[in-house]
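**Student:** Sharing work_22.pdb (PDB, C-alpha atoms and all ligand atoms) below.
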```pdb
ATOM      1  CA  MET A   1       9.390  19.704 -30.876
ATOM      2  CA  ALA A   2       9.967  17.333 -27.935
ATOM      3  CA  VAL A   3      10.401  13.570 -28.153
ATOM      4  CA  LYS A   4       6.879  12.184 -27.745
ATOM      5  CA  GLU A   5       7.540   8.447 -27.664
ATOM      6  CA  TYR A   6      10.498   6.435 -26.399
ATOM      7  CA  PHE A   7      10.871   2.710 -27.021
ATOM      8  CA  LEU A   8      13.222   0.345 -25.221
ATOM      9  CA  PRO A   9      13.009  -3.054 -26.978
ATOM     10  CA  LYS A  10      14.188  -6.146 -25.086
ATOM     11  CA  SER A  11      15.486  -7.997 -28.137
ATOM     12  CA  LEU A  12      16.852  -7.406 -31.625
ATOM     13  CA  ALA A  13      13.685  -8.913 -33.126
ATOM     14  CA  GLU A  14      11.551  -6.424 -31.172
ATOM     15  CA  ALA A  15      13.803  -3.548 -32.259
ATOM     16  CA  VAL A  16      13.551  -4.561 -35.930
ATOM     17  CA  GLY A  17       9.767  -4.906 -35.524
ATOM     18  CA  LEU A  18       9.436  -1.420 -34.019
ATOM     19  CA  LEU A  19      11.496   0.033 -36.849
ATOM     20  CA  ALA A  20       9.268  -1.688 -39.413
ATOM     21  CA  GLN A  21       6.167  -0.421 -37.604
ATOM     22  CA  HIS A  22       7.232   3.227 -37.214
ATOM     23  CA  GLY A  23       9.499   3.678 -40.222
ATOM     24  CA  PRO A  24      12.430   6.073 -40.533
ATOM     25  CA  SER A  25      10.705   8.645 -38.261
ATOM     26  CA  LEU A  26      11.891   6.438 -35.367
ATOM     27  CA  LEU A  27      15.417   7.526 -34.371
ATOM     28  CA  VAL A  28      17.661   4.616 -33.411
ATOM     29  CA  MET A  29      19.872   5.481 -30.457
ATOM     30  CA  ALA A  30      22.690   3.396 -28.993
ATOM     31  CA  GLY A  31      24.860   5.234 -26.429
ATOM     32  CA  GLY A  32      23.411   8.586 -27.488
ATOM     33  CA  THR A  33      26.740  10.446 -27.285
ATOM     34  CA  ILE A  34      26.227  11.789 -30.810
ATOM     35  CA  ALA A  35      22.426  11.676 -31.027
ATOM     36  CA  MET A  36      21.590  13.288 -27.649
ATOM     37  CA  PRO A  37      23.618  16.516 -28.083
ATOM     38  CA  LEU A  38      21.925  17.010 -31.478
ATOM     39  CA  ILE A  39      18.505  16.627 -29.839
ATOM     40  CA  ASN A  40      19.409  18.850 -26.880
ATOM     41  CA  GLU A  41      20.620  21.603 -29.214
ATOM     42  CA  GLY A  42      17.512  21.356 -31.387
ATOM     43  CA  ILE A  43      19.477  20.257 -34.460
ATOM     44  CA  SER A  44      17.702  16.901 -34.563
ATOM     45  CA  LEU A  45      13.989  16.888 -33.718
ATOM     46  CA  PRO A  46      12.773  13.280 -33.599
ATOM     47  CA  GLU A  47       9.281  12.624 -32.285
ATOM     48  CA  LYS A  48      10.076   8.969 -31.616
ATOM     49  CA  VAL A  49      13.273   7.461 -30.263
ATOM     50  CA  MET A  50      14.263   3.813 -29.829
ATOM     51  CA  GLY A  51      17.058   3.051 -27.378
ATOM     52  CA  LEU A  52      19.002  -0.155 -28.097
ATOM     53  CA  ARG A  53      20.687  -0.603 -24.728
ATOM     54  CA  ARG A  54      18.318  -3.385 -23.542
ATOM     55  CA  ALA A  55      18.181  -5.213 -26.889
ATOM     56  CA  GLY A  56      20.849  -7.760 -25.955
ATOM     57  CA  LEU A  57      23.508  -6.363 -28.268
ATOM     58  CA  SER A  58      26.274  -5.731 -25.710
ATOM     59  CA  TYR A  59      28.803  -8.585 -25.786
ATOM     60  CA  ILE A  60      32.248  -9.563 -27.006
ATOM     61  CA  ASP A  61      32.322 -13.264 -27.965
ATOM     62  CA  ARG A  62      35.149 -15.348 -29.350
ATOM     63  CA  ARG A  63      33.866 -17.476 -32.261
ATOM     64  CA  SER A  64      36.615 -19.803 -33.568
ATOM     65  CA  ASP A  65      38.905 -17.474 -35.530
ATOM     66  CA  ALA A  66      36.813 -14.321 -35.199
ATOM     67  CA  LEU A  67      35.515 -11.941 -32.574
ATOM     68  CA  ALA A  68      31.830 -11.038 -32.514
ATOM     69  CA  ILE A  69      31.143  -7.633 -30.979
ATOM     70  CA  GLY A  70      27.548  -6.682 -30.273
ATOM     71  CA  ALA A  71      26.716  -3.289 -31.754
ATOM     72  CA  THR A  72      25.876  -1.639 -28.429
ATOM     73  CA  THR A  73      29.021  -2.836 -26.654
ATOM     74  CA  PRO A  74      30.445   0.259 -24.953
ATOM     75  CA  LEU A  75      33.830   1.442 -26.221
ATOM     76  CA  ALA A  76      35.072   1.036 -22.627
ATOM     77  CA  GLN A  77      34.590  -2.746 -22.936
ATOM     78  CA  LEU A  78      37.122  -2.887 -25.771
ATOM     79  CA  VAL A  79      39.626  -1.298 -23.400
ATOM     80  CA  LYS A  80      38.690  -3.558 -20.482
ATOM     81  CA  GLN A  81      38.583  -6.894 -22.280
ATOM     82  CA  ASN A  82      41.507  -6.324 -24.690
ATOM     83  CA  ALA A  83      40.411  -9.172 -26.960
ATOM     84  CA  ILE A  84      42.342  -7.572 -29.847
ATOM     85  CA  PRO A  85      45.133  -5.139 -28.866
ATOM     86  CA  LEU A  86      44.598  -2.905 -31.934
ATOM     87  CA  LEU A  87      40.983  -2.358 -30.872
ATOM     88  CA  GLN A  88      42.002  -1.674 -27.303
ATOM     89  CA  THR A  89      44.464   1.006 -28.448
ATOM     90  CA  ALA A  90      41.882   2.504 -30.789
ATOM     91  CA  ALA A  91      39.217   2.636 -28.065
ATOM     92  CA  ARG A  92      41.670   4.215 -25.624
ATOM     93  CA  ASN A  93      42.188   6.951 -28.200
ATOM     94  CA  ALA A  94      38.468   7.701 -28.497
ATOM     95  CA  ALA A  95      37.048  10.520 -26.393
ATOM     96  CA  SER A  96      37.136  10.491 -22.572
ATOM     97  CA  MET A  97      36.383   7.682 -20.146
ATOM     98  CA  ALA A  98      32.905   9.093 -19.517
ATOM     99  CA  VAL A  99      32.068   9.121 -23.247
ATOM    100  CA  ARG A 100      33.621   5.660 -23.736
ATOM    101  CA  ASN A 101      31.329   4.297 -21.016
ATOM    102  CA  MET A 102      28.263   5.476 -22.973
ATOM    103  CA  GLY A 103      29.424   5.470 -26.617
ATOM    104  CA  THR A 104      29.175   2.171 -28.453
ATOM    105  CA  VAL A 105      31.233   0.301 -31.030
ATOM    106  CA  GLY A 106      28.294   0.312 -33.479
ATOM    107  CA  GLY A 107      27.735   4.025 -32.941
ATOM    108  CA  ASN A 108      31.391   4.699 -33.719
ATOM    109  CA  ILE A 109      30.872   3.251 -37.202
ATOM    110  CA  PHE A 110      28.255   5.973 -37.815
ATOM    111  CA  ALA A 111      30.329   8.788 -36.293
ATOM    112  CA  PRO A 112      31.154  11.533 -38.799
ATOM    113  CA  PRO A 113      34.914  12.118 -39.318
ATOM    114  CA  PRO A 114      37.118  13.144 -37.664
ATOM    115  CA  ALA A 115      35.363  10.836 -35.150
ATOM    116  CA  GLY A 116      35.468   7.128 -35.937
ATOM    117  CA  ASP A 117      38.629   6.210 -34.037
ATOM    118  CA  VAL A 118      37.509   2.611 -33.548
ATOM    119  CA  ALA A 119      35.888   2.299 -36.979
ATOM    120  CA  VAL A 120      39.248   2.914 -38.681
ATOM    121  CA  ALA A 121      40.832   0.099 -36.666
ATOM    122  CA  LEU A 122      37.944  -2.210 -37.587
ATOM    123  CA  LEU A 123      38.598  -1.362 -41.233
ATOM    124  CA  ALA A 124      42.289  -2.269 -40.919
ATOM    125  CA  LEU A 125      41.221  -5.571 -39.344
ATOM    126  CA  ASP A 126      38.915  -6.372 -42.288
ATOM    127  CA  ALA A 127      35.811  -6.401 -40.069
ATOM    128  CA  GLN A 128      32.342  -7.010 -41.411
ATOM    129  CA  VAL A 129      29.057  -5.705 -40.122
ATOM    130  CA  GLU A 130      25.850  -7.651 -39.596
ATOM    131  CA  LEU A 131      22.740  -5.706 -40.595
ATOM    132  CA  ALA A 132      19.373  -6.940 -39.302
ATOM    133  CA  GLY A 133      16.093  -6.097 -41.021
ATOM    134  CA  PRO A 134      12.615  -7.531 -41.597
ATOM    135  CA  ALA A 135      13.995  -9.990 -44.184
ATOM    136  CA  GLY A 136      16.681 -11.294 -41.824
ATOM    137  CA  LYS A 137      20.373 -10.578 -41.445
ATOM    138  CA  ARG A 138      22.989  -9.773 -44.044
ATOM    139  CA  ILE A 139      26.740  -9.347 -43.783
ATOM    140  CA  VAL A 140      28.593  -6.458 -45.407
ATOM    141  CA  PRO A 141      32.377  -5.948 -45.303
ATOM    142  CA  LEU A 142      33.100  -2.656 -43.545
ATOM    143  CA  ALA A 143      35.285  -1.777 -46.544
ATOM    144  CA  ASP A 144      32.094  -1.738 -48.668
ATOM    145  CA  PHE A 145      29.762  -0.277 -46.036
ATOM    146  CA  TYR A 146      30.522   3.412 -46.469
ATOM    147  CA  THR A 147      29.225   5.154 -49.575
ATOM    148  CA  GLY A 148      29.983   8.811 -48.717
ATOM    149  CA  PHE A 149      29.888  11.391 -45.929
ATOM    150  CA  MET A 150      27.369   9.968 -43.423
ATOM    151  CA  THR A 151      25.940   7.663 -46.077
ATOM    152  CA  HIS A 152      26.247   3.906 -45.999
ATOM    153  CA  GLN A 153      24.645   0.622 -46.957
ATOM    154  CA  LEU A 154      22.324   0.392 -43.930
ATOM    155  CA  ASN A 155      18.730   0.490 -45.155
ATOM    156  CA  PRO A 156      16.256   2.652 -43.188
ATOM    157  CA  ASN A 157      14.519  -0.516 -41.907
ATOM    158  CA  GLU A 158      17.745  -2.126 -40.663
ATOM    159  CA  ILE A 159      19.785  -2.073 -37.457
ATOM    160  CA  LEU A 160      23.511  -2.696 -37.295
ATOM    161  CA  SER A 161      23.468  -5.650 -34.921
ATOM    162  CA  GLU A 162      27.012  -7.037 -34.765
ATOM    163  CA  ILE A 163      30.581  -6.428 -35.868
ATOM    164  CA  GLN A 164      32.616  -9.497 -36.802
ATOM    165  CA  VAL A 165      36.403  -9.201 -36.661
ATOM    166  CA  PRO A 166      38.814 -11.884 -37.902
ATOM    167  CA  LEU A 167      41.497 -12.474 -35.278
ATOM    168  CA  PRO A 168      44.482 -10.637 -36.716
ATOM    169  CA  ALA A 169      47.596 -12.349 -38.018
ATOM    170  CA  GLY A 170      50.876 -10.491 -38.395
ATOM    171  CA  LYS A 171      51.577  -7.080 -36.900
ATOM    172  CA  THR A 172      49.254  -4.202 -36.173
ATOM    173  CA  VAL A 173      49.747  -0.539 -35.378
ATOM    174  CA  TYR A 174      47.475   2.375 -34.437
ATOM    175  CA  LEU A 175      48.529   6.008 -34.349
ATOM    176  CA  LYS A 176      46.251   8.986 -33.811
ATOM    177  CA  TYR A 177      47.413  12.547 -34.139
ATOM    178  CA  GLY A 178      45.304  15.273 -32.538
ATOM    179  CA  ARG A 179      45.887  18.736 -31.127
ATOM    180  CA  LYS A 180      46.027  17.320 -27.597
ATOM    181  CA  HIS A 181      47.385  14.063 -26.217
ATOM    182  CA  ALA A 182      43.982  12.729 -25.141
ATOM    183  CA  ASN A 183      40.251  13.327 -25.609
ATOM    184  CA  THR A 184      40.827  15.124 -28.882
ATOM    185  CA  PRO A 185      39.527  14.868 -32.446
ATOM    186  CA  SER A 186      41.899  13.445 -35.045
ATOM    187  CA  VAL A 187      43.912  15.427 -37.490
ATOM    188  CA  VAL A 188      44.621  11.973 -38.850
ATOM    189  CA  ALA A 189      44.413   8.428 -37.487
ATOM    190  CA  VAL A 190      46.230   5.484 -39.054
ATOM    191  CA  ALA A 191      45.495   1.813 -38.380
ATOM    192  CA  ALA A 192      47.382  -0.925 -40.183
ATOM    193  CA  GLN A 193      47.753  -4.679 -40.245
ATOM    194  CA  LEU A 194      50.700  -6.221 -42.099
ATOM    195  CA  VAL A 195      51.574  -9.871 -42.543
ATOM    196  CA  PHE A 196      55.208 -10.669 -43.340
ATOM    197  CA  ASN A 197      56.707 -13.532 -45.304
ATOM    198  CA  GLY A 198      60.299 -13.390 -44.112
ATOM    199  CA  PRO A 199      61.444  -9.806 -44.705
ATOM    200  CA  GLN A 200      58.767  -9.150 -47.310
ATOM    201  CA  VAL A 201      55.271  -7.839 -46.767
ATOM    202  CA  ALA A 202      52.832 -10.570 -47.821
ATOM    203  CA  SER A 203      49.622  -8.625 -47.195
ATOM    204  CA  ALA A 204      48.757  -5.146 -45.984
ATOM    205  CA  ARG A 205      45.746  -3.178 -44.886
ATOM    206  CA  ILE A 206      46.328   0.487 -44.158
ATOM    207  CA  ALA A 207      43.284   2.493 -43.031
ATOM    208  CA  LEU A 208      42.994   6.249 -42.489
ATOM    209  CA  ASN A 209      40.536   8.447 -40.657
ATOM    210  CA  GLY A 210      40.103  12.189 -40.370
ATOM    211  CA  VAL A 211      41.216  12.572 -43.963
ATOM    212  CA  GLY A 212      38.135  11.557 -45.901
ATOM    213  CA  PRO A 213      34.341  11.476 -45.830
ATOM    214  CA  HIS A 214      34.555   8.240 -43.812
ATOM    215  CA  PRO A 215      37.266   5.841 -42.609
ATOM    216  CA  LEU A 216      38.990   4.652 -45.783
ATOM    217  CA  ARG A 217      41.564   2.152 -47.002
ATOM    218  CA  ALA A 218      44.770   3.605 -48.486
ATOM    219  CA  ARG A 219      44.854   1.042 -51.263
ATOM    220  CA  ASN A 220      47.678   2.603 -53.280
ATOM    221  CA  ALA A 221      49.837   2.714 -50.166
ATOM    222  CA  GLU A 222      48.988  -0.928 -49.502
ATOM    223  CA  ALA A 223      49.969  -1.881 -53.061
ATOM    224  CA  THR A 224      53.277  -0.065 -52.623
ATOM    225  CA  VAL A 225      54.381  -2.195 -49.673
ATOM    226  CA  ILE A 226      52.960  -5.593 -50.688
ATOM    227  CA  GLY A 227      55.847  -7.739 -51.956
ATOM    228  CA  ALA A 228      58.413  -5.185 -50.796
ATOM    229  CA  THR A 229      60.846  -5.247 -47.926
ATOM    230  CA  LEU A 230      59.655  -2.681 -45.418
ATOM    231  CA  ALA A 231      62.720  -0.468 -45.754
ATOM    232  CA  GLU A 232      63.063   3.299 -46.060
ATOM    233  CA  ALA A 233      62.251   3.558 -49.788
ATOM    234  CA  ALA A 234      59.054   1.486 -49.616
ATOM    235  CA  ILE A 235      57.917   3.263 -46.451
ATOM    236  CA  ALA A 236      58.481   6.706 -47.992
ATOM    237  CA  ALA A 237      56.648   5.695 -51.187
ATOM    238  CA  ALA A 238      53.700   4.300 -49.214
ATOM    239  CA  ALA A 239      53.492   7.416 -47.027
ATOM    240  CA  GLN A 240      53.369   9.631 -50.107
ATOM    241  CA  ALA A 241      50.812   7.371 -51.807
ATOM    242  CA  ALA A 242      48.566   7.540 -48.727
ATOM    243  CA  ALA A 243      48.767  11.326 -48.624
ATOM    244  CA  ASP A 244      47.978  11.519 -52.350
ATOM    245  CA  GLU A 245      44.948   9.247 -52.138
ATOM    246  CA  SER A 246      43.559  10.787 -48.939
ATOM    247  CA  GLU A 247      40.568  13.121 -49.292
ATOM    248  CA  PRO A 248      41.150  15.573 -46.438
ATOM    249  CA  PHE A 249      38.887  18.436 -45.421
ATOM    250  CA  THR A 250      39.236  21.682 -43.527
ATOM    251  CA  ASP A 251      37.452  22.089 -40.198
ATOM    252  CA  ALA A 252      38.059  23.768 -36.832
ATOM    253  CA  VAL A 253      40.749  21.185 -36.051
ATOM    254  CA  ALA A 254      42.993  21.425 -39.126
ATOM    255  CA  THR A 255      43.186  22.534 -42.735
ATOM    256  CA  GLU A 256      42.945  20.189 -45.676
ATOM    257  CA  SER A 257      46.629  20.655 -46.591
ATOM    258  CA  TYR A 258      47.832  20.109 -42.995
ATOM    259  CA  ARG A 259      45.793  16.935 -42.756
ATOM    260  CA  ARG A 260      47.349  15.680 -46.019
ATOM    261  CA  LYS A 261      50.894  16.442 -44.816
ATOM    262  CA  MET A 262      50.248  14.721 -41.495
ATOM    263  CA  THR A 263      48.858  11.683 -43.323
ATOM    264  CA  ALA A 264      52.290  11.155 -44.908
ATOM    265  CA  VAL A 265      54.034  11.735 -41.572
ATOM    266  CA  TYR A 266      51.831   9.320 -39.634
ATOM    267  CA  VAL A 267      51.728   6.552 -42.259
ATOM    268  CA  ARG A 268      55.506   6.780 -42.321
ATOM    269  CA  ARG A 269      55.674   6.524 -38.520
ATOM    270  CA  ALA A 270      53.222   3.634 -38.437
ATOM    271  CA  LEU A 271      55.118   1.603 -41.048
ATOM    272  CA  THR A 272      58.489   2.434 -39.481
ATOM    273  CA  GLN A 273      57.161   1.114 -36.178
ATOM    274  CA  LEU A 274      56.061  -2.131 -37.848
ATOM    275  CA  ALA A 275      59.407  -2.450 -39.653
ATOM    276  CA  GLY A 276      61.180  -2.107 -36.306
ATOM    277  CA  GLU A 277      59.008  -4.784 -34.721
ATOM    278  CA  GLU A 278      59.545  -7.101 -37.677
ATOM    279  CA  ALA A 279      63.364  -6.889 -37.460
TER     280      ALA A 279
HETATM  281  C1  LIG A 301      32.659  15.035 -25.979
HETATM  282  C2  LIG A 301      32.736  13.979 -27.055
HETATM  283  C3  LIG A 301      33.977  13.564 -27.503
HETATM  284  C4  LIG A 301      34.059  12.596 -28.512
HETATM  285  N1  LIG A 301      35.299  12.198 -28.920
HETATM  286  C5  LIG A 301      35.409  11.207 -29.831
HETATM  287  C6  LIG A 301      36.701  10.749 -30.220
HETATM  288  O1  LIG A 301      37.750  11.206 -29.762
HETATM  289  N2  LIG A 301      36.755   9.751 -31.146
HETATM  290  C7  LIG A 301      35.631   9.189 -31.691
HETATM  291  O2  LIG A 301      35.758   8.287 -32.507
HETATM  292  N3  LIG A 301      34.396   9.618 -31.353
HETATM  293  C8  LIG A 301      34.257  10.606 -30.429
HETATM  294  N4  LIG A 301      33.011  11.058 -30.063
HETATM  295  C9  LIG A 301      31.833  10.561 -30.777
HETATM  296  C10 LIG A 301      31.074   9.389 -30.108
HETATM  297  O3  LIG A 301      31.115   9.467 -28.732
HETATM  298  C11 LIG A 301      31.576   8.015 -30.501
HETATM  299  O4  LIG A 301      31.820   7.966 -31.879
HETATM  300  C12 LIG A 301      30.610   6.885 -30.092
HETATM  301  O5  LIG A 301      31.186   5.642 -30.415
HETATM  302  C13 LIG A 301      29.239   6.997 -30.764
HETATM  303  O6  LIG A 301      28.441   5.903 -30.295
HETATM  304  P1  LIG A 301      26.988   6.098 -29.668
HETATM  305  O7  LIG A 301      26.523   4.748 -29.292
HETATM  306  O8  LIG A 301      26.997   7.105 -28.559
HETATM  307  O9  LIG A 301      26.198   6.689 -30.911
HETATM  308  P2  LIG A 301      24.700   7.286 -30.909
HETATM  309  O10 LIG A 301      24.745   8.731 -30.559
HETATM  310  O11 LIG A 301      23.783   6.436 -30.115
HETATM  311  O12 LIG A 301      24.334   7.100 -32.445
HETATM  312  C14 LIG A 301      24.990   7.818 -33.460
HETATM  313  C15 LIG A 301      24.257   7.582 -34.774
HETATM  314  O13 LIG A 301      24.422   6.253 -35.203
HETATM  315  C16 LIG A 301      23.170   5.578 -35.345
HETATM  316  N5  LIG A 301      23.342   4.267 -34.732
HETATM  317  C17 LIG A 301      24.064   3.987 -33.641
HETATM  318  N6  LIG A 301      24.077   2.674 -33.404
HETATM  319  C18 LIG A 301      23.314   2.110 -34.383
HETATM  320  C19 LIG A 301      22.961   0.755 -34.679
HETATM  321  N7  LIG A 301      23.383  -0.278 -33.929
HETATM  322  N8  LIG A 301      22.193   0.532 -35.773
HETATM  323  C20 LIG A 301      21.768   1.564 -36.542
HETATM  324  N9  LIG A 301      22.078   2.867 -36.315
HETATM  325  C21 LIG A 301      22.845   3.128 -35.240
HETATM  326  C22 LIG A 301      22.147   6.430 -34.609
HETATM  327  O14 LIG A 301      20.903   6.388 -35.253
HETATM  328  C23 LIG A 301      22.749   7.812 -34.686
HETATM  329  O15 LIG A 301      22.340   8.458 -35.854
HETATM  330  C24 LIG A 301      32.885  12.033 -29.072
HETATM  331  C25 LIG A 301      31.638  12.449 -28.590
HETATM  332  C26 LIG A 301      31.548  13.411 -27.605
HETATM  333  C27 LIG A 301      30.197  13.835 -27.108
END
```
Kindly return the structure encoded in the file as C-alpha cells.
Ligand SMILES: Cc1cc2nc3c(=O)[nH]c(=O)nc-3n(C[C@H](O)[C@H](O)[C@H](O)COP(=O)(O)OP(=O)(O)OC[C@H]3O[C@@H](n4cnc5c(N)ncnc54)[C@H](O)[C@@H]3O)c2cc1C

**Tutor:**
Amino acid sequence: MAVKEYFLPKSLAEAVGLLAQHGPSLLVMAGGTIAMPLINEGISLPEKVMGLRRAGLSYIDRRSDALAIGATTPLAQLVKQNAIPLLQTAARNAASMAVRNMGTVGGNIFAPPPAGDVAVALLALDAQVELAGPAGKRIVPLADFYTGFMTHQLNPNEILSEIQVPLPAGKTVYLKYGRKHANTPSVVAVAAQLVFNGPQVASARIALNGVGPHPLRARNAEATVIGATLAEAAIAAAAQAAADESEPFTDAVATESYRRKMTAVYVRRALTQLAGEEA
C-alpha cells in the first residue's frame, strides 16, 4: 500500500493538530533515515505521513544553564556547533556524514539499539525531553522516558518537540566500540559525566548503549564510584558492576556474552580516561 497523504506542517501547533485529527495512523517522520527504509522495503505501510522538517523544530539555543535542542535538529548540527563536546563526539560517532545530515537528534532517541549513539550521551548528561500534545507540553527526564524495547512514555497524540540538556559540570567521556572505526553499529557505547570533589567522585552518571533494550544508566556502577577515589580498584569494580547490570542481546553485530565482556572493557577505559584527566 502506497502513502496516500503527506503533510508538512509549518508549526508545532499545526503538527499536534494534524496528529489529533488523524490519530496514530499518521506516521510522524523527522529525518526519515529509519522510517523511510522501512517504508521502501514494505515493512512499514503507512497511508499518511507527516514530515516535521518545516515545523520550526531545528535549533540549538543556549538558555541560561541549559541547552535547548529542537527535536528535528540534524545530528550534523551537533558536530558543527559543538555546544557541548560530549554531544559533538557522540554525533561524530553516529552513522555517516550523509545520514547525519538527514537524521535528527529527536529521531535518535527513538532509534532501536544498537543505534542511539547520541541518545546515550543525552542520558549521561541528564537531559529531559519536552513532549507536546493537545493538552500542552510536559517534560520527562530521559532517564524515565524509556519503558522497554521501542516503548516509551510518548503518547500516540504527542510529538517530541525539544531536548533540554543541563550544561555539564565536571568531566565527560564518550567511547563507542564497533566492528569498524566509523559508520558502524555499536557493540557497546559508553557515555559518562563525573564531578569530582578533590580526588573523590562527588557525582556520576554512566550510560550504556548497545547492551540493553534502550540506552540505560549503569546505576550500580555509578554507586560504586561515588565517594571513591577513581583508582584501579574502584574502576575495576565499576566496570564489573556495569557488565553485570547490562542487558545485552545477540544480533548480527555481536553476541550477548561478547557485548557484556566489552561493556566491562569500555567502562574501564572510559573511567581510566577520566581518572587520567582528573590527575
Ligand atoms: C545507513 C544508516 C546508518 C546508521 N548508523 C547509525 C549509527 O551509527 N548510530 C546511530 O545512533 N544511528 C544510526 N542510524 C539510525 C538513524 O540514522 C539515527 O538514529 C537518526 O538519528 C534517526 O533520526 P531520524 O530523524 O532520521 O528518524 P526518523 O526515521 O524520522 O524517525 C524514526 C522514528 O522516530 C519517530 N520520531 C522521530 N522524531 C520524532 C519526534 N520528534 N516526535 C515523535 N516521534 C518521532 C518516528 O515516528 C519514527 O518512528 C543509521 C541509519 C542508517 C540508515

**Student:** A:Ala182: which residues within 8 Å, counting only C-alpha atoms, same-chain residues fewer than 5 positions away excluded, as an NGL selection string?

**Tutor:** :A and (93 or 95-96)

**Student:** Using only C-alpha atoms, please write the residues we just selected to a file, as an mmCIF file, in the frame of the given file.

**Tutor:**
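result_8.cif written:
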```cif
data_model
loop_
_atom_site.group_PDB
_atom_site.id
_atom_site.type_symbol
_atom_site.label_atom_id
_atom_site.label_comp_id
_atom_site.auth_asym_id
_atom_site.auth_seq_id
_atom_site.Cartn_x
_atom_site.Cartn_y
_atom_site.Cartn_z
ATOM 1 C CA ASN A 93 42.188 6.951 -28.200
ATOM 2 C CA ALA A 95 37.048 10.520 -26.393
ATOM 3 C CA SER A 96 37.136 10.491 -22.572
#
```

**Student:** Tell me, as a VMD selection string, which residues lie within 10 Å of stretch 259-274 of chain A, counting only C-alpha atoms; anything in the same chain fewer than 5 positions away does not count.

**Tutor:** chain A and resid 170 to 177 186 to 194 206 to 212 218 221 225 230 to 232 234 to 250 253 to 254 279

**Student:** Please produce a file of the residues just selected, as a PDB file, in the coordinates of the input, where the atoms kept are C-alpha atoms.

**Tutor:**
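Everything below was put into again-v5.pdb:
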```pdb
ATOM      1  CA  GLY A 170      50.876 -10.491 -38.395  1.00  0.00           C
ATOM      2  CA  LYS A 171      51.577  -7.080 -36.900  1.00  0.00           C
ATOM      3  CA  THR A 172      49.254  -4.202 -36.173  1.00  0.00           C
ATOM      4  CA  VAL A 173      49.747  -0.539 -35.378  1.00  0.00           C
ATOM      5  CA  TYR A 174      47.475   2.375 -34.437  1.00  0.00           C
ATOM      6  CA  LEU A 175      48.529   6.008 -34.349  1.00  0.00           C
ATOM      7  CA  LYS A 176      46.251   8.986 -33.811  1.00  0.00           C
ATOM      8  CA  TYR A 177      47.413  12.547 -34.139  1.00  0.00           C
ATOM      9  CA  SER A 186      41.899  13.445 -35.045  1.00  0.00           C
ATOM     10  CA  VAL A 187      43.912  15.427 -37.490  1.00  0.00           C
ATOM     11  CA  VAL A 188      44.621  11.973 -38.850  1.00  0.00           C
ATOM     12  CA  ALA A 189      44.413   8.428 -37.487  1.00  0.00           C
ATOM     13  CA  VAL A 190      46.230   5.484 -39.054  1.00  0.00           C
ATOM     14  CA  ALA A 191      45.495   1.813 -38.380  1.00  0.00           C
ATOM     15  CA  ALA A 192      47.382  -0.925 -40.183  1.00  0.00           C
ATOM     16  CA  GLN A 193      47.753  -4.679 -40.245  1.00  0.00           C
ATOM     17  CA  LEU A 194      50.700  -6.221 -42.099  1.00  0.00           C
ATOM     18  CA  ILE A 206      46.328   0.487 -44.158  1.00  0.00           C
ATOM     19  CA  ALA A 207      43.284   2.493 -43.031  1.00  0.00           C
ATOM     20  CA  LEU A 208      42.994   6.249 -42.489  1.00  0.00           C
ATOM     21  CA  ASN A 209      40.536   8.447 -40.657  1.00  0.00           C
ATOM     22  CA  GLY A 210      40.103  12.189 -40.370  1.00  0.00           C
ATOM     23  CA  VAL A 211      41.216  12.572 -43.963  1.00  0.00           C
ATOM     24  CA  GLY A 212      38.135  11.557 -45.901  1.00  0.00           C
ATOM     25  CA  ALA A 218      44.770   3.605 -48.486  1.00  0.00           C
ATOM     26  CA  ALA A 221      49.837   2.714 -50.166  1.00  0.00           C
ATOM     27  CA  VAL A 225      54.381  -2.195 -49.673  1.00  0.00           C
ATOM     28  CA  LEU A 230      59.655  -2.681 -45.418  1.00  0.00           C
ATOM     29  CA  ALA A 231      62.720  -0.468 -45.754  1.00  0.00           C
ATOM     30  CA  GLU A 232      63.063   3.299 -46.060  1.00  0.00           C
ATOM     31  CA  ALA A 234      59.054   1.486 -49.616  1.00  0.00           C
ATOM     32  CA  ILE A 235      57.917   3.263 -46.451  1.00  0.00           C
ATOM     33  CA  ALA A 236      58.481   6.706 -47.992  1.00  0.00           C
ATOM     34  CA  ALA A 237      56.648   5.695 -51.187  1.00  0.00           C
ATOM     35  CA  ALA A 238      53.700   4.300 -49.214  1.00  0.00           C
ATOM     36  CA  ALA A 239      53.492   7.416 -47.027  1.00  0.00           C
ATOM     37  CA  GLN A 240      53.369   9.631 -50.107  1.00  0.00           C
ATOM     38  CA  ALA A 241      50.812   7.371 -51.807  1.00  0.00           C
ATOM     39  CA  ALA A 242      48.566   7.540 -48.727  1.00  0.00           C
ATOM     40  CA  ALA A 243      48.767  11.326 -48.624  1.00  0.00           C
ATOM     41  CA  ASP A 244      47.978  11.519 -52.350  1.00  0.00           C
ATOM     42  CA  GLU A 245      44.948   9.247 -52.138  1.00  0.00           C
ATOM     43  CA  SER A 246      43.559  10.787 -48.939  1.00  0.00           C
ATOM     44  CA  GLU A 247      40.568  13.121 -49.292  1.00  0.00           C
ATOM     45  CA  PRO A 248      41.150  15.573 -46.438  1.00  0.00           C
ATOM     46  CA  PHE A 249      38.887  18.436 -45.421  1.00  0.00           C
ATOM     47  CA  THR A 250      39.236  21.682 -43.527  1.00  0.00           C
ATOM     48  CA  VAL A 253      40.749  21.185 -36.051  1.00  0.00           C
ATOM     49  CA  ALA A 254      42.993  21.425 -39.126  1.00  0.00           C
ATOM     50  CA  ALA A 279      63.364  -6.889 -37.460  1.00  0.00           C
TER      51      ALA A 279
END
```

**Student:** Could I get the residue neighbourhood of ligand LIG 301 (chain A) at 6 Å, counting only C-alpha atoms and all ligand atoms, as a PyMOL selection string?

**Tutor:** chain A and resi 27-35+71+94-95+99+102-108+110-111+115-117+159-161+183-185

**Student:** One decimal, Å: what's the distance from atom CA of A:Pro168 over to atom CA of A:Gln81, could you say?

**Tutor:**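 Interatomic distance, atom CA of A:Pro168 to atom CA of A:Gln81: 16.0 Å.
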
**Student:** Atom CA of A:Pro112 and atom CA of A:Thr72, how far apart in Å?

**Tutor:** 17.6 Å

**Student:** List every protein, DNA or RNA residue that has an atom no more than 12 Å from (30.9, -11.3, -30.9) in the file's coordinate frame, counting all atoms listed in the file, and report them as a VMD selection string.

**Tutor:** chain A and resid 56 to 73 78 83 105 127 to 130 161 to 167
